[in-house]
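Take a look at the structure set out below.
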Protein chains: 2
Amino acid sequence: MTGRPAGPDDLTLTLENPRAERVKKVAALAGRSARSRAGVLLVEGPQSVREVVRFAPERVRDLYVSADALERHREIVAEALAAERWVHLGTDAVLHAMSGDAQGILAVVDETGVALDDVLAQSPRLIAVLSNVRDPGNAGAAIRAADAAGADAVILAGECVDPSNPKVVRSAAGSLFHLPVVRALPLLDAIVELQDAGLRVLAADGAGTVTLGGPGADAEALAVPTAWVLGNEAWGLSADERDLADEVVRIPIYGRAESLNLATAASVCLYASAAAHRQA
Amino acid sequence: MTGRPAGPDDLTLTLENPRAERVKKVAALAGRSARSRAGVLLVEGPQSVREVVRFAPERVRDLYVSADALERHREIVAEALAAERWVHLGTDAVLHAMSGDAQGILAVVDETGVALDDVLAQSPRLIAVLSNVRDPGNAGAAIRAADAAGADAVILAGECVDPSNPKVVRSAAGSLFHLPVVRALPLLDAIVELQDAGLRVLAADGAGTVTLGGPGADAEALAVPTAWVLGNEAWGLSADERDLADEVVRIPIYGRAESLNLATAASVCLYASAAAHRQA
């Protein structure tokens with residue numbers, strides 16, 4: 001290679017062997033140990049790659065694209081090259097060997113660590129806290145819902161799924177690169193720090209005594225800076241965790257369902273806060 | 001077998017061979033063609049089995065349980081026996097051969113067909129219409145959200161995923177047995193029929209000119225009988241479909257996400273209607 005290509009048309013085919021060491025290394029990033037050893041994650045498919053190139057280009061180590069995908073997504077590649085990122089043109093077989101879910105385009109992206117202190121220094125008004133959330137699709141959809149509702153950050157507390165898990169990355173649909181995601185904090189510590197920073201901490205739980213939309217969780221009560229805590233899909237929050245929250249809020253169930261799933265519960269709570277913040 | 005057992009304690013081990021024909025037939029219900037040939041679906045795991053036994057016992061053809069699961073879920077088995085359902089005690093190996101996701105308890109359940117006319121005859125106030133929804137987890141979570149929000153029915157229009165797909169059944173968490181699910185209707189026909197029945201049809205779409213919570217989609221406007229139409233995860237609704245709706249409503253996006261996923265969008269829209277119906 002004689003220097004970086006200036007634009008999509010300057011790219012030449014450099015990866016033709018799907019069994020090359022480099023290809024295997026990228027494919028291995030589907031596994032947690034390889035990701036954490038390398039300090040990177042795999043971002044698959046045009047939507048997620050577009051978002052990381054646009055919102056966090058400095059994190060992109062390498063972008064891989066097939067000729068077909070290059071035609072369909074020239075603007076992503078152009079943006080990556082403009083940001084002086086390494087872009088590699090590979091055969092379909094190479095891209096497919098790297099990932100079965102990439103639709104011809106993927107990026108290897110640096111992990112970042114965001115500290116809760118840094119988030120709190122920005123005077124956040126809405127934070128989503130996911131505690132012990134294990135299902136990657138649910139975690140990703142909840143991060144995406146938090147982003148859509150205008151949350152300032154997401155905290156993954158307790159033993160949550162690794163947010164670099166490819167299924168989380170896919171279902172977050174780029175939102176991982178839109179807002180800070182703080183990892184691996186004990187939930188009780190997180191609640192105390194959020195309260196110390198002046199946020200009202202609401203635990204969303206079917207055992208709640210306050211009903212979303214009713215007194216204590218109506219538009220007026222939700223107009224203050226708020227952190228919503230959502231627990232594990234199956235067992236929710238512990239009594240200790242609920243006790244420490246400022247309020248335990250139940251989403252009203254009008255039908256016969258026992259509860260909502262995690263991502264839908266998060267979206268209902270976060271949108272209620274978002275609306276209240278904008279009415280106030 | 002000398003007659004039906006009266007209670008959980010009367011069950012005897014009748015299924016010991018994981019390679020028996022009966023076991024293979026149950027396992028085959030993971031596939032669509034076997035389900036549709038037999039006119040049944042597979043309901044896996046205690047939560048879903050509990051809901052079908054409680055809310056639609058007449059549909060349960062056979063319930064299979066391991067000794068361990070029987071100890072944990074005696075009340076489900078007792079309820080099934082009280083409803084004169086066939087319950088079969090099998091070894092762990094048999095249950096595992098039937099399904100990897102059953103946690104020791106599963107049921108084979110009759111398919112039912114619900115017609116839109118029957119739903120409309122009940123003067124519904126809230127209906128969710130999913131059009132061309134392909135992802136089973138998303139479809140199941142949306143059906144669960146519709147149930148939680150008190151919807152009177154769900155319509156699966158266009159080329160939706162089969163609601164008997166085991167992943168839909170699991171992620172619906174019993175809601176498939178709580179409210180009628182109408183299948184396989186062309187969307188444009190469904191919209192016209194809903195309008196003829198006096199429902200206001202709202203298409204949820206990022207291209208909407210009316211914003212959820214704003215004029216045309218605020219609590220007052222949402223207080224009438226309403227059907228929400230949600231389109232495919234990737235391509236949304238067609239121009240024809242949007243044109244036929246009474247209003248195209250966008251969920252406000254406060255952050256950088258392009259959109260919400262299908263189930264979270266459904267929950268935000270349906271809960272807005274549910275709240276409006278109860279304030280009115």
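Residues are named by chain letter and number: chains run A, B, ... in the order of the structure tokens, numbers start at 1 in each chain, and ligands are numbered from 1 in the order shown.
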With a distance threshold of 6 Å and counting only C-alpha atoms, extract the residues of chain A near chain B and express them as number ranges by chain. A: 145, 147-150, 175, 253-255, 257, 260, 264, 267-268
I'd like the neighbourhood of Ala102 (chain B) as number ranges by chain, where a residue qualifies if any of its atoms comes within 8 Å (using only C-alpha atoms), though same-chain residues fewer than 4 positions away should be ignored. B: 44-46, 95-96, 106
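With only C-alpha atoms as the atoms that count, the minimum distance from Arg22 (chain B) to the choices B:Met98, B:Ala234, B:Ile155, B:Val114 is reached by B:Met98.
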Superposition output for chain B against chain A, all Cα paired in order, as an mmCIF file with C-alpha atoms, in the first residue's frame:
data_model
loop_
_atom_site.group_PDB
_atom_site.id
_atom_site.type_symbol
_atom_site.label_atom_id
_atom_site.label_comp_id
_atom_site.auth_asym_id
_atom_site.auth_seq_id
_atom_site.Cartn_x
_atom_site.Cartn_y
_atom_site.Cartn_z
ATOM 1 C CA MET B 1 0.014 -0.016 0.038
ATOM 2 C CA THR B 2 1.512 3.323 -0.989
ATOM 3 C CA GLY B 3 -0.442 5.590 1.293
ATOM 4 C CA ARG B 4 -4.071 6.089 2.199
ATOM 5 C CA PRO B 5 -6.641 6.264 -0.599
ATOM 6 C CA ALA B 6 -8.205 9.700 -0.967
ATOM 7 C CA GLY B 7 -11.697 8.507 -1.883
ATOM 8 C CA PRO B 8 -13.816 5.400 -2.513
ATOM 9 C CA ASP B 9 -12.591 5.181 -6.127
ATOM 10 C CA ASP B 10 -8.973 4.861 -5.049
ATOM 11 C CA LEU B 11 -9.546 1.678 -3.090
ATOM 12 C CA THR B 12 -7.906 -1.442 -4.457
ATOM 13 C CA LEU B 13 -8.721 -5.009 -3.547
ATOM 14 C CA THR B 14 -6.317 -5.927 -0.782
ATOM 15 C CA LEU B 15 -8.066 -8.835 0.922
ATOM 16 C CA GLU B 16 -8.781 -11.900 -1.194
ATOM 17 C CA ASN B 17 -8.054 -14.830 1.088
ATOM 18 C CA PRO B 18 -10.868 -15.687 3.527
ATOM 19 C CA ARG B 19 -8.431 -17.914 5.442
ATOM 20 C CA ALA B 20 -5.889 -15.145 6.047
ATOM 21 C CA GLU B 21 -4.770 -14.486 9.604
ATOM 22 C CA ARG B 22 -6.229 -10.980 9.544
ATOM 23 C CA VAL B 23 -9.648 -12.323 8.566
ATOM 24 C CA LYS B 24 -9.575 -14.905 11.333
ATOM 25 C CA LYS B 25 -8.672 -12.236 13.871
ATOM 26 C CA VAL B 26 -11.653 -10.109 12.902
ATOM 27 C CA ALA B 27 -13.998 -13.115 12.988
ATOM 28 C CA ALA B 28 -12.698 -13.997 16.459
ATOM 29 C CA LEU B 29 -14.070 -10.694 17.778
ATOM 30 C CA ALA B 30 -17.475 -12.386 17.962
ATOM 31 C CA GLY B 31 -16.071 -13.854 21.210
ATOM 32 C CA ARG B 32 -15.735 -11.853 24.369
ATOM 33 C CA SER B 33 -12.207 -12.905 25.262
ATOM 34 C CA ALA B 34 -10.775 -11.876 21.885
ATOM 35 C CA ARG B 35 -12.528 -8.515 22.123
ATOM 36 C CA SER B 36 -11.327 -7.767 25.597
ATOM 37 C CA ARG B 37 -7.739 -8.895 24.789
ATOM 38 C CA ALA B 38 -7.637 -6.573 21.791
ATOM 39 C CA GLY B 39 -9.627 -3.749 23.410
ATOM 40 C CA VAL B 40 -11.900 -3.520 20.382
ATOM 41 C CA LEU B 41 -15.372 -4.452 19.249
ATOM 42 C CA LEU B 42 -16.895 -5.511 15.965
ATOM 43 C CA VAL B 43 -19.475 -3.212 14.359
ATOM 44 C CA GLU B 44 -21.468 -4.993 11.656
ATOM 45 C CA GLY B 45 -23.738 -3.784 8.890
ATOM 46 C CA PRO B 46 -24.291 -0.422 7.219
ATOM 47 C CA GLN B 47 -26.495 1.189 9.848
ATOM 48 C CA SER B 48 -24.148 0.679 12.785
ATOM 49 C CA VAL B 49 -21.010 1.353 10.739
ATOM 50 C CA ARG B 50 -22.522 4.611 9.462
ATOM 51 C CA GLU B 51 -23.225 5.756 13.010
ATOM 52 C CA VAL B 52 -19.777 4.971 14.396
ATOM 53 C CA VAL B 53 -18.072 6.640 11.412
ATOM 54 C CA ARG B 54 -20.241 9.711 11.851
ATOM 55 C CA PHE B 55 -20.352 10.066 15.633
ATOM 56 C CA ALA B 56 -17.123 8.450 16.838
ATOM 57 C CA PRO B 57 -14.726 8.318 13.854
ATOM 58 C CA GLU B 58 -11.687 8.463 16.123
ATOM 59 C CA ARG B 59 -12.662 5.032 17.471
ATOM 60 C CA VAL B 60 -12.627 3.308 14.055
ATOM 61 C CA ARG B 61 -9.422 1.301 13.633
ATOM 62 C CA ASP B 62 -10.300 -0.453 10.380
ATOM 63 C CA LEU B 63 -13.281 -0.509 8.081
ATOM 64 C CA TYR B 64 -13.790 -3.552 5.812
ATOM 65 C CA VAL B 65 -16.063 -3.433 2.802
ATOM 66 C CA SER B 66 -16.889 -5.583 -0.225
ATOM 67 C CA ALA B 67 -17.167 -4.123 -3.739
ATOM 68 C CA ASP B 68 -20.955 -4.555 -3.721
ATOM 69 C CA ALA B 69 -21.354 -2.907 -0.342
ATOM 70 C CA LEU B 70 -19.031 -0.108 -1.429
ATOM 71 C CA GLU B 71 -21.407 0.686 -4.291
ATOM 72 C CA ARG B 72 -24.382 0.748 -1.932
ATOM 73 C CA HIS B 73 -22.660 2.697 0.836
ATOM 74 C CA ARG B 74 -20.146 5.007 -0.839
ATOM 75 C CA GLU B 75 -21.016 7.831 1.551
ATOM 76 C CA ILE B 76 -20.006 5.793 4.591
ATOM 77 C CA VAL B 77 -16.660 4.904 3.041
ATOM 78 C CA ALA B 78 -16.088 8.478 1.875
ATOM 79 C CA GLU B 79 -16.768 9.745 5.365
ATOM 80 C CA ALA B 80 -14.373 7.208 6.889
ATOM 81 C CA LEU B 81 -11.622 8.164 4.421
ATOM 82 C CA ALA B 82 -12.209 11.861 5.067
ATOM 83 C CA ALA B 83 -11.683 11.094 8.757
ATOM 84 C CA GLU B 84 -8.393 9.367 7.800
ATOM 85 C CA ARG B 85 -9.547 5.906 8.767
ATOM 86 C CA TRP B 86 -8.085 2.733 7.254
ATOM 87 C CA VAL B 87 -10.525 1.244 4.750
ATOM 88 C CA HIS B 88 -9.888 -2.205 3.231
ATOM 89 C CA LEU B 89 -11.612 -3.585 0.180
ATOM 90 C CA GLY B 90 -12.203 -7.331 0.447
ATOM 91 C CA THR B 91 -13.931 -10.027 -1.552
ATOM 92 C CA ASP B 92 -17.434 -11.165 -0.604
ATOM 93 C CA ALA B 93 -15.875 -14.359 0.761
ATOM 94 C CA VAL B 94 -13.564 -12.361 3.016
ATOM 95 C CA LEU B 95 -16.373 -10.200 4.375
ATOM 96 C CA HIS B 96 -18.540 -13.244 4.902
ATOM 97 C CA ALA B 97 -15.723 -15.037 6.731
ATOM 98 C CA MET B 98 -15.390 -12.035 9.028
ATOM 99 C CA SER B 99 -19.094 -11.961 9.912
ATOM 100 C CA GLY B 100 -22.334 -13.508 8.764
ATOM 101 C CA ASP B 101 -24.263 -10.391 9.740
ATOM 102 C CA ALA B 102 -22.296 -7.585 8.127
ATOM 103 C CA GLN B 103 -24.073 -7.224 4.777
ATOM 104 C CA GLY B 104 -20.639 -6.533 3.272
ATOM 105 C CA ILE B 105 -19.453 -3.786 5.612
ATOM 106 C CA LEU B 106 -17.989 -3.862 9.092
ATOM 107 C CA ALA B 107 -15.621 -1.942 11.318
ATOM 108 C CA VAL B 108 -13.226 -2.814 14.108
ATOM 109 C CA VAL B 109 -13.677 -0.118 16.707
ATOM 110 C CA ASP B 110 -11.812 0.818 19.891
ATOM 111 C CA GLU B 111 -13.523 0.118 23.178
ATOM 112 C CA THR B 112 -13.899 3.177 25.346
ATOM 113 C CA GLY B 113 -14.393 3.461 29.037
ATOM 114 C CA VAL B 114 -16.710 6.204 30.217
ATOM 115 C CA ALA B 115 -16.741 7.023 33.928
ATOM 116 C CA LEU B 116 -19.897 7.939 35.799
ATOM 117 C CA ASP B 117 -18.152 11.056 37.160
ATOM 118 C CA ASP B 118 -17.674 12.365 33.633
ATOM 119 C CA VAL B 119 -21.340 11.814 32.889
ATOM 120 C CA LEU B 120 -22.462 13.494 36.109
ATOM 121 C CA ALA B 121 -20.205 16.501 35.454
ATOM 122 C CA GLN B 122 -22.453 17.288 32.451
ATOM 123 C CA SER B 123 -25.564 17.822 34.649
ATOM 124 C CA PRO B 124 -27.607 15.045 33.028
ATOM 125 C CA ARG B 125 -31.387 15.264 33.123
ATOM 126 C CA LEU B 126 -32.266 11.737 32.063
ATOM 127 C CA ILE B 127 -30.304 8.526 32.608
ATOM 128 C CA ALA B 128 -31.252 4.888 32.035
ATOM 129 C CA VAL B 129 -29.740 2.327 34.397
ATOM 130 C CA LEU B 130 -29.942 -1.312 33.319
ATOM 131 C CA SER B 131 -29.162 -3.759 36.095
ATOM 132 C CA ASN B 132 -28.229 -7.414 35.479
ATOM 133 C CA VAL B 133 -29.740 -7.348 32.016
ATOM 134 C CA ARG B 134 -28.632 -10.533 30.288
ATOM 135 C CA ASP B 135 -30.385 -10.637 26.937
ATOM 136 C CA PRO B 136 -28.313 -8.846 24.290
ATOM 137 C CA GLY B 137 -31.270 -7.977 22.056
ATOM 138 C CA ASN B 138 -33.123 -6.485 24.993
ATOM 139 C CA ALA B 139 -30.089 -4.503 26.170
ATOM 140 C CA GLY B 140 -29.431 -3.116 22.702
ATOM 141 C CA ALA B 141 -33.066 -2.167 22.170
ATOM 142 C CA ALA B 142 -33.135 -0.448 25.570
ATOM 143 C CA ILE B 143 -29.985 1.553 24.740
ATOM 144 C CA ARG B 144 -31.607 2.551 21.436
ATOM 145 C CA ALA B 145 -34.783 3.589 23.272
ATOM 146 C CA ALA B 146 -32.738 5.640 25.764
ATOM 147 C CA ASP B 147 -31.063 7.412 22.857
ATOM 148 C CA ALA B 148 -34.399 8.075 21.125
ATOM 149 C CA ALA B 149 -35.875 9.462 24.344
ATOM 150 C CA GLY B 150 -32.934 11.862 24.620
ATOM 151 C CA ALA B 151 -31.265 10.249 27.626
ATOM 152 C CA ASP B 152 -27.859 11.694 28.484
ATOM 153 C CA ALA B 153 -26.289 8.319 29.300
ATOM 154 C CA VAL B 154 -26.927 4.638 29.929
ATOM 155 C CA ILE B 155 -25.431 2.856 32.921
ATOM 156 C CA LEU B 156 -24.984 -0.922 32.802
ATOM 157 C CA ALA B 157 -24.925 -1.956 36.440
ATOM 158 C CA GLY B 158 -24.315 -5.319 38.043
ATOM 159 C CA GLU B 159 -23.780 -8.320 35.797
ATOM 160 C CA CYS B 160 -25.080 -7.025 32.500
ATOM 161 C CA VAL B 161 -24.371 -8.487 29.098
ATOM 162 C CA ASP B 162 -21.160 -7.076 27.556
ATOM 163 C CA PRO B 163 -22.246 -4.059 25.476
ATOM 164 C CA SER B 164 -19.573 -5.035 22.930
ATOM 165 C CA ASN B 165 -21.440 -8.278 22.283
ATOM 166 C CA PRO B 166 -22.237 -8.210 18.532
ATOM 167 C CA LYS B 167 -25.949 -8.776 19.220
ATOM 168 C CA VAL B 168 -26.051 -5.766 21.541
ATOM 169 C CA VAL B 169 -24.218 -3.672 18.953
ATOM 170 C CA ARG B 170 -26.639 -4.728 16.214
ATOM 171 C CA SER B 171 -29.806 -4.175 18.189
ATOM 172 C CA ALA B 172 -28.566 -0.819 19.506
ATOM 173 C CA ALA B 173 -28.497 0.245 15.836
ATOM 174 C CA GLY B 174 -25.759 2.845 16.309
ATOM 175 C CA SER B 175 -26.977 4.247 19.622
ATOM 176 C CA LEU B 176 -23.879 2.879 21.371
ATOM 177 C CA PHE B 177 -21.974 5.627 19.536
ATOM 178 C CA HIS B 178 -24.514 8.366 20.257
ATOM 179 C CA LEU B 179 -24.465 8.504 24.011
ATOM 180 C CA PRO B 180 -22.073 7.482 26.786
ATOM 181 C CA VAL B 181 -22.488 3.954 28.121
ATOM 182 C CA VAL B 182 -21.013 3.471 31.587
ATOM 183 C CA ARG B 183 -20.122 -0.123 32.431
ATOM 184 C CA ALA B 184 -19.763 -2.505 35.290
ATOM 185 C CA LEU B 185 -20.806 -0.465 38.285
ATOM 186 C CA PRO B 186 -22.446 -2.095 41.326
ATOM 187 C CA LEU B 187 -26.069 -0.930 41.222
ATOM 188 C CA LEU B 188 -26.248 0.268 44.816
ATOM 189 C CA ASP B 189 -23.164 2.449 44.301
ATOM 190 C CA ALA B 190 -24.603 3.869 41.111
ATOM 191 C CA ILE B 191 -27.888 4.775 42.816
ATOM 192 C CA VAL B 192 -26.079 6.628 45.604
ATOM 193 C CA GLU B 193 -23.867 8.525 43.168
ATOM 194 C CA LEU B 194 -26.854 9.517 41.049
ATOM 195 C CA GLN B 195 -28.743 10.727 44.113
ATOM 196 C CA ASP B 196 -25.692 12.673 45.324
ATOM 197 C CA ALA B 197 -25.616 14.363 41.930
ATOM 198 C CA GLY B 198 -29.193 15.514 42.447
ATOM 199 C CA LEU B 199 -31.051 13.025 40.274
ATOM 200 C CA ARG B 200 -34.301 11.456 41.431
ATOM 201 C CA VAL B 201 -33.842 7.697 41.136
ATOM 202 C CA LEU B 202 -36.945 5.781 40.065
ATOM 203 C CA ALA B 203 -36.955 1.996 40.082
ATOM 204 C CA ALA B 204 -39.321 0.580 37.460
ATOM 205 C CA ASP B 205 -40.786 -2.545 38.994
ATOM 206 C CA GLY B 206 -44.097 -4.360 39.053
ATOM 207 C CA ALA B 207 -43.918 -4.202 42.863
ATOM 208 C CA GLY B 208 -44.108 -0.391 42.738
ATOM 209 C CA THR B 209 -46.517 1.517 44.949
ATOM 210 C CA VAL B 210 -46.566 4.532 42.640
ATOM 211 C CA THR B 211 -48.103 4.174 39.177
ATOM 212 C CA LEU B 212 -46.556 5.760 36.108
ATOM 213 C CA GLY B 213 -48.806 8.667 35.131
ATOM 214 C CA GLY B 214 -50.321 8.882 38.626
ATOM 215 C CA PRO B 215 -49.382 10.926 41.717
ATOM 216 C CA GLY B 216 -45.640 10.730 42.345
ATOM 217 C CA ALA B 217 -44.972 9.762 38.730
ATOM 218 C CA ASP B 218 -47.102 12.180 36.746
ATOM 219 C CA ALA B 219 -45.805 14.891 34.404
ATOM 220 C CA GLU B 220 -45.107 17.256 37.295
ATOM 221 C CA ALA B 221 -43.252 14.677 39.360
ATOM 222 C CA LEU B 222 -41.252 13.528 36.338
ATOM 223 C CA ALA B 223 -40.138 17.037 35.365
ATOM 224 C CA VAL B 224 -36.984 16.858 37.526
ATOM 225 C CA PRO B 225 -33.664 15.246 36.549
ATOM 226 C CA THR B 226 -34.366 11.529 36.719
ATOM 227 C CA ALA B 227 -32.573 8.201 36.539
ATOM 228 C CA TRP B 228 -34.729 5.165 35.710
ATOM 229 C CA VAL B 229 -33.464 1.830 37.031
ATOM 230 C CA LEU B 230 -34.626 -1.334 35.261
ATOM 231 C CA GLY B 231 -33.770 -4.779 36.548
ATOM 232 C CA ASN B 232 -33.166 -8.227 35.162
ATOM 233 C CA GLU B 233 -35.715 -9.594 32.652
ATOM 234 C CA ALA B 234 -36.776 -12.459 34.896
ATOM 235 C CA TRP B 235 -36.266 -11.424 38.497
ATOM 236 C CA GLY B 236 -36.438 -7.615 38.381
ATOM 237 C CA LEU B 237 -34.801 -5.722 41.245
ATOM 238 C CA SER B 238 -33.954 -6.919 44.755
ATOM 239 C CA ALA B 239 -35.683 -5.497 47.833
ATOM 240 C CA ASP B 240 -32.451 -3.650 48.780
ATOM 241 C CA GLU B 241 -32.255 -2.063 45.371
ATOM 242 C CA ARG B 242 -35.897 -1.001 45.445
ATOM 243 C CA ASP B 243 -35.533 0.383 48.966
ATOM 244 C CA LEU B 244 -32.622 2.582 47.996
ATOM 245 C CA ALA B 245 -34.483 4.170 45.075
ATOM 246 C CA ASP B 246 -36.433 7.359 45.748
ATOM 247 C CA GLU B 247 -39.563 5.737 44.414
ATOM 248 C CA VAL B 248 -40.605 2.367 43.002
ATOM 249 C CA VAL B 249 -42.850 2.957 40.013
ATOM 250 C CA ARG B 250 -45.042 0.387 38.308
ATOM 251 C CA ILE B 251 -46.125 0.686 34.704
ATOM 252 C CA PRO B 252 -49.888 0.149 34.659
ATOM 253 C CA ILE B 253 -50.886 -3.161 33.070
ATOM 254 C CA TYR B 254 -54.318 -2.787 31.492
ATOM 255 C CA GLY B 255 -54.551 -6.272 29.992
ATOM 256 C CA ARG B 256 -53.538 -9.724 31.207
ATOM 257 C CA ALA B 257 -49.794 -9.568 30.577
ATOM 258 C CA GLU B 258 -47.754 -9.991 33.721
ATOM 259 C CA SER B 259 -45.297 -7.314 32.646
ATOM 260 C CA LEU B 260 -43.603 -5.684 29.673
ATOM 261 C CA ASN B 261 -40.262 -6.853 28.386
ATOM 262 C CA LEU B 262 -37.245 -4.832 29.429
ATOM 263 C CA ALA B 263 -36.804 -2.677 26.343
ATOM 264 C CA THR B 264 -40.501 -1.834 26.038
ATOM 265 C CA ALA B 265 -40.703 -0.995 29.763
ATOM 266 C CA ALA B 266 -37.640 1.242 29.370
ATOM 267 C CA SER B 267 -39.159 3.041 26.400
ATOM 268 C CA VAL B 268 -42.455 3.723 28.192
ATOM 269 C CA CYS B 269 -40.689 5.095 31.306
ATOM 270 C CA LEU B 270 -38.080 7.135 29.447
ATOM 271 C CA TYR B 271 -40.616 8.657 27.058
ATOM 272 C CA ALA B 272 -42.813 9.651 30.002
ATOM 273 C CA SER B 273 -39.828 11.530 31.468
ATOM 274 C CA ALA B 274 -38.843 13.010 28.107
ATOM 275 C CA ALA B 275 -42.359 14.390 27.620
ATOM 276 C CA ALA B 276 -42.474 15.736 31.185
ATOM 277 C CA HIS B 277 -39.113 17.478 30.770
ATOM 278 C CA ARG B 278 -40.363 19.252 27.676
ATOM 279 C CA GLN B 279 -43.732 20.257 29.136
ATOM 280 C CA ALA B 280 -42.156 21.717 32.272
#
Would you please extract all helix (DSSP H, G or I) residues from region 44-280 of chain B, as assigned by DSSP on the backbone, and give them as a ChimeraX atom specification? /B:46-55,57-59,67-72,74-82,92-98,116-120,136-148,166-172,175-177,187-196,221-223,239-244,262-279
Got time to write the residues from that selection, C-alpha atoms, as a short mmCIF file (atom, residue, chain, number, x, y, z; two decimals), in the first residue's frame?
data_model
loop_
_atom_site.label_atom_id
_atom_site.label_comp_id
_atom_site.auth_asym_id
_atom_site.auth_seq_id
_atom_site.Cartn_x
_atom_site.Cartn_y
_atom_site.Cartn_z
CA PRO B 46 -43.46 -22.45 32.60
CA GLN B 47 -44.59 -18.89 31.95
CA SER B 48 -46.20 -19.53 28.58
CA VAL B 49 -47.58 -22.93 29.58
CA ARG B 50 -49.15 -21.39 32.70
CA GLU B 51 -50.89 -18.75 30.60
CA VAL B 52 -52.30 -21.14 28.00
CA VAL B 53 -53.53 -23.54 30.71
CA ARG B 54 -55.18 -20.67 32.55
CA PHE B 55 -56.62 -18.62 29.69
CA PRO B 57 -57.26 -24.63 28.50
CA GLU B 58 -59.53 -25.98 25.77
CA ARG B 59 -56.67 -25.48 23.30
CA ALA B 67 -40.29 -34.74 37.43
CA ASP B 68 -38.16 -31.73 38.39
CA ALA B 69 -40.40 -29.28 36.59
CA LEU B 70 -43.45 -30.94 38.11
CA GLU B 71 -42.08 -30.16 41.58
CA ARG B 72 -41.48 -26.53 40.63
CA ARG B 74 -47.33 -28.29 40.50
CA GLU B 75 -50.00 -25.61 40.23
CA ILE B 76 -49.76 -25.52 36.44
CA VAL B 77 -50.11 -29.29 36.21
CA ALA B 78 -52.95 -29.33 38.73
CA GLU B 79 -54.79 -26.70 36.74
CA ALA B 80 -54.30 -28.64 33.50
CA LEU B 81 -55.60 -31.85 35.10
CA ALA B 82 -58.58 -30.01 36.58
CA ASP B 92 -35.35 -34.97 31.50
CA ALA B 93 -33.89 -36.48 28.33
CA VAL B 94 -37.34 -36.72 26.76
CA LEU B 95 -38.23 -33.13 27.60
CA HIS B 96 -34.87 -31.94 26.36
CA ALA B 97 -35.29 -33.87 23.10
CA MET B 98 -38.65 -32.17 22.61
CA LEU B 116 -61.48 -9.70 12.13
CA ASP B 117 -65.30 -9.60 12.01
CA ASP B 118 -65.49 -11.35 15.36
CA VAL B 119 -63.07 -8.85 16.85
CA LEU B 120 -64.95 -5.87 15.42
CA PRO B 136 -40.05 -13.13 15.86
CA GLY B 137 -38.67 -11.55 19.03
CA ASN B 138 -39.96 -8.16 17.97
CA ALA B 139 -43.39 -9.52 17.03
CA GLY B 140 -43.74 -11.38 20.32
CA ALA B 141 -42.65 -8.37 22.36
CA ALA B 142 -45.11 -6.16 20.47
CA ILE B 143 -47.97 -8.61 21.14
CA ARG B 144 -46.99 -8.61 24.82
CA ALA B 145 -46.93 -4.80 24.84
CA ALA B 146 -50.37 -4.68 23.18
CA ASP B 147 -51.70 -6.99 25.89
CA ALA B 148 -50.13 -4.90 28.67
CA PRO B 166 -41.60 -20.79 18.93
CA LYS B 167 -39.61 -17.55 19.27
CA VAL B 168 -42.78 -15.48 18.90
CA VAL B 169 -44.54 -17.67 21.45
CA ARG B 170 -41.67 -17.32 23.92
CA SER B 171 -41.26 -13.58 23.58
CA ALA B 172 -45.03 -13.01 23.77
CA SER B 175 -49.98 -12.84 25.67
CA LEU B 176 -50.87 -14.92 22.60
CA PHE B 177 -53.44 -16.62 24.85
CA LEU B 187 -53.00 -4.45 5.31
CA LEU B 188 -55.04 -2.20 3.03
CA ASP B 189 -58.12 -4.39 3.55
CA ALA B 190 -57.60 -4.36 7.30
CA ILE B 191 -57.35 -0.56 7.39
CA VAL B 192 -60.61 -0.17 5.47
CA GLU B 193 -62.44 -2.65 7.69
CA LEU B 194 -61.18 -0.95 10.83
CA GLN B 195 -62.26 2.45 9.54
CA ASP B 196 -65.68 1.08 8.55
CA ALA B 221 -57.19 13.20 19.90
CA LEU B 222 -56.22 9.75 21.16
CA ALA B 223 -59.33 9.34 23.33
CA ALA B 239 -46.81 5.44 0.72
CA ASP B 240 -50.15 3.75 -0.16
CA GLU B 241 -50.47 2.37 3.33
CA ARG B 242 -49.66 5.71 4.94
CA ASP B 243 -52.09 7.52 2.64
CA LEU B 244 -54.96 5.26 3.60
CA LEU B 262 -40.79 -2.12 16.48
CA ALA B 263 -41.79 -3.39 19.90
CA THR B 264 -40.65 -0.25 21.73
CA ALA B 265 -42.43 1.98 19.18
CA ALA B 266 -45.59 -0.11 19.64
CA SER B 267 -45.42 0.19 23.41
CA VAL B 268 -45.00 3.98 23.33
CA CYS B 269 -47.94 4.44 20.92
CA LEU B 270 -50.26 1.95 22.61
CA TYR B 271 -49.57 3.30 26.10
CA ALA B 272 -50.29 6.83 24.89
CA SER B 273 -53.70 5.62 23.68
CA ALA B 274 -54.32 3.58 26.83
CA ALA B 275 -53.65 6.63 29.01
CA ALA B 276 -55.83 8.85 26.82
CA HIS B 277 -58.72 6.36 26.95
CA ARG B 278 -58.61 6.38 30.73
CA GLN B 279 -58.32 10.15 31.10
#
